[in-house]
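Structure first, commentary second.
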Amino acid sequence: MTENPPAGIDISTPNVARIYDYMLGGKDNFAADREAAEQIIKAFPESREGVKLNREFLGNAVRHLADDVGIRQFVDIGAGLPTQHNVHQVAHSVNPDARAVYVDNDPVVCVHGRALLANSPNVAMVESDLRKPDEIWSRVLETGLINGDEPVAVLLVAVLHFLDDPYVEVARLRELMAPGSHLVITHLSSKDERSGDTETMRQVYARASSGVVPRTVADIQRFFGDFELLDSGDFISPRVLERFAILGWAGMARKP
């Protein structure tokens, strides 16, 4: 991305979405984002592989849901910038009629995202915040792409660890989802033996557009509530899960 951005874009403060983009090898980032990413990589050398494994898990989950489960509509909350192997691209490779709505709370990310998605069919991007689940759901339905009475896949991928205490909000999202819907979560996990490195990462993100809150696997699984936790081994290789476990936890659950 050019270092002379359009008016309104703050390139001096690292941005979570652009840090993620840099770690994936993208070009939609600035010097401050790259510097922050390199500080994180120094503390956690595995983090660059981690974001790629996170993306691989997302792609495999979407493909499984679109192909094996028959889900036709996807809502990706905290989506960030469209990058490689996006949700709609993976879903359309299985079912060209699949619909996807991306949600992000960053207005600049949304403007840029809409431009990148302008020629993509059955896709929309809306601006809203995970801390306002009813507003999210209303704006998602207003796109006309999502039928609230049909099963939907809600994707909370690498987003919940940027919020202090979002259990109530995620519970509300679960209530709004139709029976047969699926919830997909990936999350940074906390490990006692890496507490010093984790603190370094916290400090980096504290200077960025959002702080970070790693959680234990048990606390991550609480986000699924009474949904039925599914076996991730049905759609992704044990190697990916084992490698990803170094940094985080990923899973999927179904609403009865």
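Quick note on naming: the chains in the structure tokens go A, B, ... in the order shown, residues restart at 1 in each chain, and ligands are numbered from 1 in order of appearance.
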Next on the checklist: List the spatial neighbours of A:Leu155 as number ranges by chain - criterion: any atom at most 9 Å away, only C-alpha atoms, same-chain residues fewer than 4 positions off excluded.
Outcome noted: A: 58, 74-79, 182-186
Just-selected residues, C-alpha atoms written as a PDB file, in the first residue's frame:
```
ATOM      1  CA  LEU A  58     -11.156 -20.821   8.221  1.00  0.00           C
ATOM      2  CA  PHE A  74     -22.044 -16.894   5.961  1.00  0.00           C
ATOM      3  CA  VAL A  75     -21.523 -13.929   8.291  1.00  0.00           C
ATOM      4  CA  ASP A  76     -17.875 -13.103   9.003  1.00  0.00           C
ATOM      5  CA  ILE A  77     -17.697 -10.740  12.006  1.00  0.00           C
ATOM      6  CA  GLY A  78     -14.465  -8.861  12.610  1.00  0.00           C
ATOM      7  CA  ALA A  79     -13.495  -9.755   9.066  1.00  0.00           C
ATOM      8  CA  HIS A 182     -22.914 -23.163  12.993  1.00  0.00           C
ATOM      9  CA  LEU A 183     -20.520 -20.994  14.990  1.00  0.00           C
ATOM     10  CA  VAL A 184     -16.808 -21.008  14.073  1.00  0.00           C
ATOM     11  CA  ILE A 185     -14.233 -19.553  16.472  1.00  0.00           C
ATOM     12  CA  THR A 186     -10.458 -19.180  16.442  1.00  0.00           C
TER      13      THR A 186
END
```
Checklist entry - Which of stretch 16-233 of chain A counts as strand (DSSP E) under DSSP, as JSON, numbers by chain please? => result {"A": [73, 74, 75, 76, 77, 99, 100, 101, 102, 103, 104, 123, 124, 125, 126, 127, 153, 154, 155, 156, 157, 182, 183, 184, 185, 186, 187, 188, 228, 229]}
Could you take the residues named above and write them with C-alpha atoms, as an mmCIF file, in the first residue's frame?
```
data_model
loop_
_atom_site.group_PDB
_atom_site.id
_atom_site.type_symbol
_atom_site.label_atom_id
_atom_site.label_comp_id
_atom_site.auth_asym_id
_atom_site.auth_seq_id
_atom_site.Cartn_x
_atom_site.Cartn_y
_atom_site.Cartn_z
ATOM 1 C CA GLN A 73 -25.022 -18.173 4.010
ATOM 2 C CA PHE A 74 -22.044 -16.894 5.961
ATOM 3 C CA VAL A 75 -21.523 -13.929 8.291
ATOM 4 C CA ASP A 76 -17.875 -13.103 9.003
ATOM 5 C CA ILE A 77 -17.697 -10.740 12.006
ATOM 6 C CA ARG A 99 -23.991 -15.578 0.170
ATOM 7 C CA ALA A 100 -21.518 -13.852 2.465
ATOM 8 C CA VAL A 101 -21.656 -10.712 4.580
ATOM 9 C CA TYR A 102 -18.485 -9.296 6.098
ATOM 10 C CA VAL A 103 -18.712 -7.171 9.258
ATOM 11 C CA ASP A 104 -16.067 -4.881 10.719
ATOM 12 C CA VAL A 123 -21.285 -10.412 -1.114
ATOM 13 C CA ALA A 124 -21.658 -7.346 1.121
ATOM 14 C CA MET A 125 -19.651 -5.556 3.772
ATOM 15 C CA VAL A 126 -21.304 -3.716 6.645
ATOM 16 C CA GLU A 127 -19.921 -1.533 9.407
ATOM 17 C CA ALA A 153 -22.539 -19.890 9.635
ATOM 18 C CA VAL A 154 -21.289 -17.131 11.925
ATOM 19 C CA LEU A 155 -17.520 -16.777 11.862
ATOM 20 C CA LEU A 156 -15.696 -15.199 14.801
ATOM 21 C CA VAL A 157 -12.186 -15.798 13.540
ATOM 22 C CA HIS A 182 -22.914 -23.163 12.993
ATOM 23 C CA LEU A 183 -20.520 -20.994 14.990
ATOM 24 C CA VAL A 184 -16.808 -21.008 14.073
ATOM 25 C CA ILE A 185 -14.233 -19.553 16.472
ATOM 26 C CA THR A 186 -10.458 -19.180 16.442
ATOM 27 C CA HIS A 187 -8.810 -17.488 19.405
ATOM 28 C CA LEU A 188 -5.383 -16.723 20.825
ATOM 29 C CA GLU A 228 -22.872 -28.960 20.119
ATOM 30 C CA LEU A 229 -19.077 -28.870 19.797
#
```
Checklist entry - Quick one: DSSP alpha helix (DSSP H) residues in stretch 1-123 of chain A, as a ChimeraX atom specification? => result /A:16-23,31-43,47-64,87-94,107-116
Item to check | Best match for closeness to A:Val212 among A:Val16, A:Ala32, A:Glu142, A:Val109, counting only C-alpha atoms | outcome: A:Val16
Item to check | Long-range neighbours of A:Gly50 as a ChimeraX atom specification, 12 Å cut-off, only C-alpha atoms, 6 positions minimum in chain | outcome: /A:20,23-24,40-41,44,56-57,158,186-189,240-250
Checklist entry - Which residues come within 10 Å of A:His92, counting only C-alpha atoms, excluding same-chain residues fewer than 6 positions away, as a PyMOL selection string? => result chain A and resi 63+66+72+86+98-100+121-122
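Between A:Val108 and the residues A:Val159, A:Leu81, A:Leu173, A:Ala43, the shortest atom-to-atom distance, using only C-alpha atoms, involves A:Leu81.
Taking atom CA of A:Pro214 and atom CA of A:Asp165 as the two end points, the separation is 11.3 Å.
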Checklist outcome for this item: Of A:Ala171, A:Ala115, A:Ala36, A:Met177, the one sitting nearest A:Lys255 when using only C-alpha atoms is A:Met177
Item to check | From A:Pro82, A:Pro166, A:Gly144, A:Pro96, residue lying nearest A:Lys27 [only C-alpha atoms] | outcome: A:Pro82
Next on the checklist: Env of A:Phe227: 8 Å cut, atoms = only C-alpha atoms, seq-sep filter 4 positions within chain, self excluded. Answer as a ChimeraX atom specification.
Outcome noted: /A:253-256
Checklist outcome for this item: Pairwise distance, atom CA of A:Gly70 with atom CA of A:Gly148, equals 15.8 Å
Item to check | Computed interatomic separation between atom CA of A:His88 and atom CA of A:Leu53 (Å) | outcome: 18.4 Å
Per-residue nearest contacts stretch 79-162 of chain A to stretch 167-170 of chain A, cut-off 12 Å, using only C-alpha atoms, as a tab-separated table:
```
residue	atom	partner	partner_atom	distance
A:Asp129	CA	A:Glu169	CA	10.2
A:Leu130	CA	A:Glu169	CA	7.0
A:Arg131	CA	A:Glu169	CA	6.0
A:Lys132	CA	A:Glu169	CA	7.1
A:Pro133	CA	A:Glu169	CA	5.9
A:Asp134	CA	A:Glu169	CA	8.9
A:Glu135	CA	A:Glu169	CA	11.1
A:Ile136	CA	A:Glu169	CA	10.6
A:Trp137	CA	A:Glu169	CA	11.6
A:Val154	CA	A:Val170	CA	10.3
A:Leu155	CA	A:Val170	CA	11.1
A:Leu156	CA	A:Val170	CA	9.3
A:Val159	CA	A:Val170	CA	11.6
A:Leu160	CA	A:Val170	CA	9.2
A:His161	CA	A:Tyr167	CA	11.4
```
Saved selection, atoms kept: all heavy atoms, as a tab-separated table (two decimals), in the first residue's frame:
```tsv
chain	number	residue	atom	x	y	z
A	129	ASP	N	-20.27	-3.31	15.15
A	129	ASP	CA	-19.35	-3.70	16.22
A	129	ASP	C	-19.88	-4.92	16.93
A	129	ASP	O	-21.08	-4.99	17.25
A	129	ASP	CB	-19.18	-2.54	17.21
A	129	ASP	CG	-17.96	-2.70	18.10
A	129	ASP	OD1	-17.90	-3.72	18.82
A	129	ASP	OD2	-17.10	-1.82	18.09
A	130	LEU	N	-19.01	-5.88	17.20
A	130	LEU	CA	-19.41	-7.11	17.89
A	130	LEU	C	-20.05	-6.82	19.24
A	130	LEU	O	-20.84	-7.61	19.75
A	130	LEU	CB	-18.19	-8.02	18.05
A	130	LEU	CG	-18.38	-9.39	18.71
A	130	LEU	CD1	-19.50	-10.17	18.04
A	130	LEU	CD2	-17.09	-10.17	18.68
A	131	ARG	N	-19.71	-5.67	19.82
A	131	ARG	CA	-20.30	-5.30	21.11
A	131	ARG	C	-21.75	-4.86	20.98
A	131	ARG	O	-22.41	-4.56	21.97
A	131	ARG	CB	-19.45	-4.22	21.77
A	131	ARG	CG	-18.11	-4.75	22.29
A	131	ARG	CD	-17.10	-3.66	22.56
A	131	ARG	NE	-16.60	-3.06	21.33
A	131	ARG	CZ	-15.46	-2.39	21.26
A	131	ARG	NH1	-14.71	-2.21	22.33
A	131	ARG	NH2	-15.05	-1.87	20.11
A	132	LYS	N	-22.27	-4.83	19.74
A	132	LYS	CA	-23.66	-4.48	19.47
A	132	LYS	C	-24.30	-5.57	18.60
A	132	LYS	O	-24.58	-5.35	17.42
A	132	LYS	CB	-23.73	-3.12	18.77
A	132	LYS	CG	-23.13	-1.98	19.57
A	132	LYS	CD	-23.16	-0.68	18.78
A	132	LYS	CE	-22.53	0.47	19.58
A	132	LYS	NZ	-22.52	1.74	18.79
A	133	PRO	N	-24.53	-6.75	19.16
A	133	PRO	CA	-24.98	-7.88	18.34
A	133	PRO	C	-26.32	-7.66	17.65
A	133	PRO	O	-26.50	-8.11	16.51
A	133	PRO	CB	-25.04	-9.04	19.35
A	133	PRO	CG	-25.14	-8.39	20.69
A	133	PRO	CD	-24.35	-7.12	20.57
A	134	ASP	N	-27.25	-6.97	18.30
A	134	ASP	CA	-28.54	-6.73	17.65
A	134	ASP	C	-28.40	-5.80	16.46
A	134	ASP	O	-29.06	-6.00	15.43
A	134	ASP	CB	-29.54	-6.15	18.67
A	134	ASP	CG	-30.03	-7.20	19.65
A	134	ASP	OD1	-30.88	-8.01	19.28
A	134	ASP	OD2	-29.53	-7.22	20.80
A	135	GLU	N	-27.52	-4.81	16.59
A	135	GLU	CA	-27.27	-3.92	15.46
A	135	GLU	C	-26.61	-4.68	14.32
A	135	GLU	O	-26.97	-4.50	13.14
A	135	GLU	CB	-26.37	-2.77	15.89
A	135	GLU	CG	-25.99	-1.82	14.75
A	135	GLU	CD	-24.97	-0.77	15.18
A	135	GLU	OE1	-25.40	0.21	15.81
A	135	GLU	OE2	-23.76	-0.94	14.88
A	136	ILE	N	-25.64	-5.54	14.67
A	136	ILE	CA	-25.00	-6.36	13.64
A	136	ILE	C	-26.04	-7.15	12.87
A	136	ILE	O	-26.08	-7.14	11.63
A	136	ILE	CB	-23.96	-7.32	14.26
A	136	ILE	CG1	-22.67	-6.60	14.58
A	136	ILE	CG2	-23.66	-8.49	13.30
A	136	ILE	CD1	-21.58	-7.50	15.14
A	137	TRP	N	-26.89	-7.85	13.61
A	137	TRP	CA	-27.86	-8.74	12.96
A	137	TRP	C	-28.83	-7.96	12.08
A	137	TRP	O	-29.16	-8.37	10.97
A	137	TRP	CB	-28.62	-9.55	14.01
A	137	TRP	CG	-29.03	-10.89	13.51
A	137	TRP	CD1	-30.30	-11.35	13.30
A	137	TRP	CD2	-28.16	-11.98	13.14
A	137	TRP	NE1	-30.28	-12.64	12.83
A	137	TRP	CE2	-28.98	-13.05	12.72
A	137	TRP	CE3	-26.79	-12.14	13.13
A	137	TRP	CZ2	-28.46	-14.26	12.30
A	137	TRP	CZ3	-26.26	-13.34	12.70
A	137	TRP	CH2	-27.09	-14.39	12.29
A	154	VAL	N	-21.85	-18.36	11.38
A	154	VAL	CA	-21.29	-17.13	11.93
A	154	VAL	C	-19.83	-17.40	12.27
A	154	VAL	O	-19.51	-18.33	13.00
A	154	VAL	CB	-22.06	-16.65	13.17
A	154	VAL	CG1	-21.34	-15.49	13.84
A	154	VAL	CG2	-23.47	-16.23	12.78
A	155	LEU	N	-18.96	-16.58	11.73
A	155	LEU	CA	-17.52	-16.78	11.86
A	155	LEU	C	-16.94	-15.69	12.76
A	155	LEU	O	-17.03	-14.50	12.44
A	155	LEU	CB	-16.86	-16.73	10.48
A	155	LEU	CG	-17.57	-17.54	9.38
A	155	LEU	CD1	-16.95	-17.25	8.03
A	155	LEU	CD2	-17.52	-19.03	9.69
A	156	LEU	N	-16.38	-16.10	13.88
A	156	LEU	CA	-15.70	-15.20	14.80
A	156	LEU	C	-14.23	-15.63	14.83
A	156	LEU	O	-13.77	-16.28	15.76
A	156	LEU	CB	-16.32	-15.27	16.20
A	156	LEU	CG	-17.80	-14.86	16.29
A	156	LEU	CD1	-18.32	-15.08	17.71
A	156	LEU	CD2	-17.99	-13.40	15.88
A	159	VAL	N	-10.95	-12.73	16.40
A	159	VAL	CA	-11.53	-11.43	16.76
A	159	VAL	C	-11.85	-11.33	18.25
A	159	VAL	O	-11.68	-10.26	18.86
A	159	VAL	CB	-12.80	-11.14	15.91
A	159	VAL	CG1	-13.89	-12.16	16.18
A	159	VAL	CG2	-13.32	-9.73	16.19
A	160	LEU	N	-12.29	-12.42	18.88
A	160	LEU	CA	-12.74	-12.35	20.27
A	160	LEU	C	-11.61	-11.99	21.22
A	160	LEU	O	-11.86	-11.38	22.27
A	160	LEU	CB	-13.38	-13.67	20.68
A	160	LEU	CG	-14.71	-14.00	20.00
A	160	LEU	CD1	-15.17	-15.40	20.37
A	160	LEU	CD2	-15.77	-12.98	20.36
A	161	HIS	N	-10.38	-12.32	20.89
A	161	HIS	CA	-9.28	-11.98	21.78
A	161	HIS	C	-8.92	-10.49	21.74
A	161	HIS	O	-8.03	-10.06	22.46
A	161	HIS	CB	-8.02	-12.84	21.50
A	161	HIS	CG	-7.60	-12.90	20.08
A	161	HIS	ND1	-7.47	-14.08	19.39
A	161	HIS	CD2	-7.25	-11.92	19.20
A	161	HIS	CE1	-7.06	-13.85	18.17
A	161	HIS	NE2	-6.92	-12.53	18.03
```
